[in-house]
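See structure below.
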Amino acid sequence: MRLLANGVSVKVTVSLLAATCMATAAAAQLPPEARTVRAEVRAWRERNEVPIVRELVELLAIPNLATDSVNIRRNAEWLVRALERRGVAARLLEVEGSPPAVFGSLDVPGASRTIVLYAHYDGQPVDTSEWTSHPWRPVLRSGPLDRSPRELPLVPEGGRYDPEWRLFARSAGDDKSPIIAALAALDALRESGRRPTVNLRFFLEGEEERGSQHLRAMLTRHAGLLRGADAWVFLDGPVHQSRRHQLVLGVRGVAGFQITVYGPNRALHSGHYGNWAPNPALLLAHLVASMRDPDGRILIDGFYSDVRPPGPAEREALRAFPDVDPVLRAELGLAASEAGNAPNAERILLPALNVQGLSAGRTGALTTNAIQAEATASFDFRLVPEQTPARLRELVVAHLARQGYHVVTEEPDSATRSRYPRIARLVWRGGYPATRIALDHPAVRSLAAAIEPALDQPLLRLPTSGGSLPMHHFVEVLGAPLITFPIVNHDNSQHGPNENLRLRNLWDGIELLAVLLARLGAVWQPQS
């Protein structure tokens, strides 16, 4: 055995070097401490609040209706440039008749997992007369409108923002701010000397608020780019009403329809013909009441035969949720909520029938003493797993028939009106099923393991969102596990006038998305 000058054998030295290399490699695989990452990102954010807000304001100032093809493309091209500035390879994805989607790709050396961040950059239509300020001229205010806030300069003196200040603009909450949060998270990691531990993809949709009419075609055409991710993380929707962060594991499905019932073929004097000619407003009122009881239970025969009830794990997850219902009732002016004040978190695990609107005659100064010729009601069903829009249509038609109605899908002609005493015209508006991922899915456990150590309270796990999104397309076309991690404030007035973002939510979103990207690959949970 040859000895070195200090008497240590070459063999021993090689062994020590190998052990050192193995220890170094093992250390490199350990996840960074969550609170350390969050503190680093927070320090970076505090130095960069003005450029972060400036970039968000620039994006919010571009009108983003999916029907406005010129401006929607301006949004998409802006996003491509913003991704490219971060070293993300970006491009537009196209299908005929659709606004473009924005795709971004960032591969990380050594990463074995891939996630896709989803958000949408289009927004709901606006009625500018209902807004306090122009929806595409972002305005900074000192708080929500119900507190008579002051309007503030977009760049404050000293370059720091009170986290309770709010930015008002269309899509400030739904859904441009999460995009900026994700971009800023990448900036923060780079400036902190860190990088993501997962390969990263972006899919930014341009017609979500218009019903994602071309989404399936988009996913199908570009499936080669989009398949194979370990999880899709949707950055849509609000945090819990308690302001605690949550993972949302599913969405309800939806099906909308409209019913028109008929009386005489022209309006009649209610004195001469009342109690003789059928009144369509009263017929419609009885028909609506036949479909749903006052506590929300749907009375259509066979409706619940396809409903999958919440399981023990889902009910256990709900027990962790703060009881915000009394505060919500007070905020909304409700003395009571349905089903004996049953918790909202439980109610959204069930299917629901909502009456969107009723139309029959006139009220107020336009009231007339008349029996109208027709009356119309619009509805939407919220569906849970196992229910399908196709089966729902069968059940509704059968229910109308049991109420004595002849069901048509077009305006009835005179022969039809003369033959059938009760006629209901039924028109459906699309629809799609619910999706839900299991609470113990590896992607769910992994996201929680990455984020939760950075929080002061455990993540909430909401089995199903109350809202609806066409997530089934992602499941059916790509086989993708879908999880929503929302960051914006619950009171952001999404879809309505004076939509807004509480800046604290943006700051938290940047920090937590950076923690997620820095840790996820290293803490990924195997299949249990």
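Within each chain, counting starts at residue 1; across the structure tokens, chains are named A, B, ... in the order shown, with ligands numbered 1 upward in that order.
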
Hey, could you make a per-residue contact list for stretch 239-286 of chain A against stretch 468-476 of chain A with 10 Å as the cut-off, showing the nearest pair of atoms and its distance in Å to one decimal, counting only C-alpha atoms, sorted by chain and number, as CSV?
residue,atom,partner,partner_atom,distance
A:Gly250,CA,A:Met471,CA,8.6
A:Val251,CA,A:Ser468,CA,5.3
A:Arg252,CA,A:Ser468,CA,5.0
A:Gly253,CA,A:Ser468,CA,5.5
A:Val254,CA,A:Ser468,CA,6.2
A:Ala255,CA,A:Ser468,CA,9.8

*Compile the contact shell of A:Ser69 as a ChimeraX atom specification: residues with an atom at most 12 Å away, counting only C-alpha atoms, same-chain residues fewer than 2 positions apart removed.*
/A:63-67,71-76,97-100,122,206-207

*From the set A:Arg393, A:Arg347, A:Arg504, A:Arg35, which residue has the shortest atom-to-atom contact distance to A:Ser465, counting only C-alpha atoms?*
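With only C-alpha atoms as the atom set, the closest residue is A:Arg347.
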
*Once DSSP has gone over the backbone, tell me which residues of stretch 438-505 of chain A are in alpha helix (DSSP H), as a PyMOL selection string.*
chain A and resi 442-451+472-478+503-505

Would you save the residues from that selection as a PDB file, in the first residue's frame, using N, CA, C and O atoms?
ATOM      1  N   PRO A 442     -50.791  12.103  -4.735  1.00  0.00           N
ATOM      2  CA  PRO A 442     -49.410  12.579  -4.526  1.00  0.00           C
ATOM      3  C   PRO A 442     -49.205  14.053  -4.831  1.00  0.00           C
ATOM      4  O   PRO A 442     -48.436  14.734  -4.130  1.00  0.00           O
ATOM      5  N   ALA A 443     -49.874  14.568  -5.854  1.00  0.00           N
ATOM      6  CA  ALA A 443     -49.708  15.984  -6.196  1.00  0.00           C
ATOM      7  C   ALA A 443     -50.252  16.882  -5.085  1.00  0.00           C
ATOM      8  O   ALA A 443     -49.667  17.928  -4.781  1.00  0.00           O
ATOM      9  N   VAL A 444     -51.370  16.484  -4.487  1.00  0.00           N
ATOM     10  CA  VAL A 444     -51.945  17.267  -3.381  1.00  0.00           C
ATOM     11  C   VAL A 444     -51.003  17.258  -2.195  1.00  0.00           C
ATOM     12  O   VAL A 444     -50.687  18.304  -1.600  1.00  0.00           O
ATOM     13  N   ARG A 445     -50.533  16.067  -1.816  1.00  0.00           N
ATOM     14  CA  ARG A 445     -49.634  15.966  -0.665  1.00  0.00           C
ATOM     15  C   ARG A 445     -48.325  16.710  -0.927  1.00  0.00           C
ATOM     16  O   ARG A 445     -47.748  17.314  -0.012  1.00  0.00           O
ATOM     17  N   SER A 446     -47.872  16.704  -2.176  1.00  0.00           N
ATOM     18  CA  SER A 446     -46.603  17.365  -2.498  1.00  0.00           C
ATOM     19  C   SER A 446     -46.730  18.875  -2.443  1.00  0.00           C
ATOM     20  O   SER A 446     -45.842  19.562  -1.900  1.00  0.00           O
ATOM     21  N   LEU A 447     -47.787  19.424  -3.009  1.00  0.00           N
ATOM     22  CA  LEU A 447     -47.972  20.872  -2.933  1.00  0.00           C
ATOM     23  C   LEU A 447     -48.095  21.329  -1.490  1.00  0.00           C
ATOM     24  O   LEU A 447     -47.519  22.350  -1.101  1.00  0.00           O
ATOM     25  N   ALA A 448     -48.837  20.558  -0.706  1.00  0.00           N
ATOM     26  CA  ALA A 448     -48.984  20.926   0.707  1.00  0.00           C
ATOM     27  C   ALA A 448     -47.637  20.862   1.427  1.00  0.00           C
ATOM     28  O   ALA A 448     -47.297  21.745   2.221  1.00  0.00           O
ATOM     29  N   ALA A 449     -46.842  19.823   1.145  1.00  0.00           N
ATOM     30  CA  ALA A 449     -45.545  19.684   1.798  1.00  0.00           C
ATOM     31  C   ALA A 449     -44.598  20.811   1.408  1.00  0.00           C
ATOM     32  O   ALA A 449     -43.754  21.226   2.206  1.00  0.00           O
ATOM     33  N   ALA A 450     -44.744  21.331   0.187  1.00  0.00           N
ATOM     34  CA  ALA A 450     -43.880  22.421  -0.259  1.00  0.00           C
ATOM     35  C   ALA A 450     -44.256  23.746   0.378  1.00  0.00           C
ATOM     36  O   ALA A 450     -43.390  24.519   0.804  1.00  0.00           O
ATOM     37  N   ILE A 451     -45.552  24.029   0.474  1.00  0.00           N
ATOM     38  CA  ILE A 451     -46.018  25.357   0.871  1.00  0.00           C
ATOM     39  C   ILE A 451     -46.237  25.486   2.369  1.00  0.00           C
ATOM     40  O   ILE A 451     -45.895  26.503   2.990  1.00  0.00           O
ATOM     41  N   HIS A 472     -62.744  19.477 -16.932  1.00  0.00           N
ATOM     42  CA  HIS A 472     -62.830  18.121 -17.456  1.00  0.00           C
ATOM     43  C   HIS A 472     -62.047  17.969 -18.754  1.00  0.00           C
ATOM     44  O   HIS A 472     -61.570  16.873 -19.071  1.00  0.00           O
ATOM     45  N   HIS A 473     -61.895  19.063 -19.522  1.00  0.00           N
ATOM     46  CA  HIS A 473     -61.124  18.989 -20.763  1.00  0.00           C
ATOM     47  C   HIS A 473     -59.678  18.599 -20.472  1.00  0.00           C
ATOM     48  O   HIS A 473     -59.083  17.774 -21.180  1.00  0.00           O
ATOM     49  N   PHE A 474     -59.089  19.170 -19.424  1.00  0.00           N
ATOM     50  CA  PHE A 474     -57.712  18.855 -19.079  1.00  0.00           C
ATOM     51  C   PHE A 474     -57.591  17.391 -18.666  1.00  0.00           C
ATOM     52  O   PHE A 474     -56.624  16.709 -19.011  1.00  0.00           O
ATOM     53  N   VAL A 475     -58.576  16.912 -17.910  1.00  0.00           N
ATOM     54  CA  VAL A 475     -58.558  15.529 -17.451  1.00  0.00           C
ATOM     55  C   VAL A 475     -58.727  14.576 -18.626  1.00  0.00           C
ATOM     56  O   VAL A 475     -57.968  13.604 -18.784  1.00  0.00           O
ATOM     57  N   GLU A 476     -59.698  14.852 -19.488  1.00  0.00           N
ATOM     58  CA  GLU A 476     -60.023  13.927 -20.569  1.00  0.00           C
ATOM     59  C   GLU A 476     -58.989  13.944 -21.696  1.00  0.00           C
ATOM     60  O   GLU A 476     -58.696  12.909 -22.292  1.00  0.00           O
ATOM     61  N   VAL A 477     -58.430  15.106 -22.011  1.00  0.00           N
ATOM     62  CA  VAL A 477     -57.484  15.206 -23.121  1.00  0.00           C
ATOM     63  C   VAL A 477     -56.056  14.921 -22.668  1.00  0.00           C
ATOM     64  O   VAL A 477     -55.293  14.243 -23.364  1.00  0.00           O
ATOM     65  N   LEU A 478     -55.676  15.415 -21.497  1.00  0.00           N
ATOM     66  CA  LEU A 478     -54.280  15.335 -21.062  1.00  0.00           C
ATOM     67  C   LEU A 478     -54.040  14.365 -19.922  1.00  0.00           C
ATOM     68  O   LEU A 478     -52.889  14.056 -19.610  1.00  0.00           O
ATOM     69  N   LEU A 503     -53.278  44.412  -1.962  1.00  0.00           N
ATOM     70  CA  LEU A 503     -51.865  44.225  -2.255  1.00  0.00           C
ATOM     71  C   LEU A 503     -51.208  43.166  -1.371  1.00  0.00           C
ATOM     72  O   LEU A 503     -50.293  42.467  -1.811  1.00  0.00           O
ATOM     73  N   ARG A 504     -51.691  43.018  -0.150  1.00  0.00           N
ATOM     74  CA  ARG A 504     -51.133  41.965   0.709  1.00  0.00           C
ATOM     75  C   ARG A 504     -51.277  40.599   0.048  1.00  0.00           C
ATOM     76  O   ARG A 504     -50.403  39.726   0.171  1.00  0.00           O
ATOM     77  N   ASN A 505     -52.381  40.387  -0.674  1.00  0.00           N
ATOM     78  CA  ASN A 505     -52.566  39.109  -1.346  1.00  0.00           C
ATOM     79  C   ASN A 505     -51.554  38.907  -2.462  1.00  0.00           C
ATOM     80  O   ASN A 505     -51.082  37.790  -2.699  1.00  0.00           O
TER      81      ASN A 505
END

*asked:* Residues near A:Arg425, anyone? I mean within 6 Å using only C-alpha atoms, not counting same-chain ones fewer than 3 positions away, as an NGL selection string.
replied: :A and (259-260 or 407-409)

*Which polymer residues have any atom within 6 Å of an atom of A:Trp232, counting only C-alpha atoms, with same-chain residues fewer than 6 positions away left out, as a PyMOL selection string?*
chain A and resi 115-116+482

*Which one is closest to A:Ala111: A:Leu167, A:Ala345, A:Ala317, A:Val198? Count only C-alpha atoms.*
A:Val198

*Counting only C-alpha atoms, the option among A:Pro322, A:Gly333, A:Gly104, A:Gly466 closest to A:Glu205*: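 Result for the nearest residue to A:Glu205: A:Gly104.
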
_Need the shell around stretch 182-196 of chain A: protein/DNA/RNA residues with any atom at most 8 Å away, counting only C-alpha atoms. Skip same-chain ones fewer than 6 positions apart. Format as a list in words?_
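Once the nearby chain positions are removed, what remains is Glu40, Val41, Trp44, Arg45, Ile52, Ala82, Leu83, Arg86, Val108, Gly509, Ile510, Glu511, Leu513, Ala514, Leu517, Ala518 and Arg519 of chain A.
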
*With a distance cut-off of 9 Å and only C-alpha atoms, select the neighbouring residues of A:Val57, excluding the residue or stretch itself and same-chain residues fewer than 6 positions from it, and output the selection as a PyMOL selection string.*
chain A and resi 137-139+154+167+169+172

*Surrounding residues of A:Phe203 excluding itself and chain neighbours under 5 positions, 8 Å, only C-alpha atoms, as a PyMOL selection string*: chain A and resi 101-104+116-119

*For A:Ile300, which residue out of A:Ala370, A:Leu512, A:Leu395, A:Leu249 is the nearest one, using only C-alpha atoms?*
A:Leu395

*Just asking: which residues within stretch 202-408 of chain A are strand (DSSP E or B) according to DSSP, as a PyMOL selection string?*
chain A and resi 202-205+231-234+238+246-248+250-262+268-269+292+298+352-359+370-371+374-383+406-408

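Of note, atom CA of A:Ile298 and atom CA of A:Phe379 are spaced 12.6 Å apart.
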
*When you draw a straight line from atom CA of A:Ala229 to atom CA of A:Ser112, how long is it in Å?*
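Separation of atom CA of A:Ala229 and atom CA of A:Ser112: 10.5 Å.
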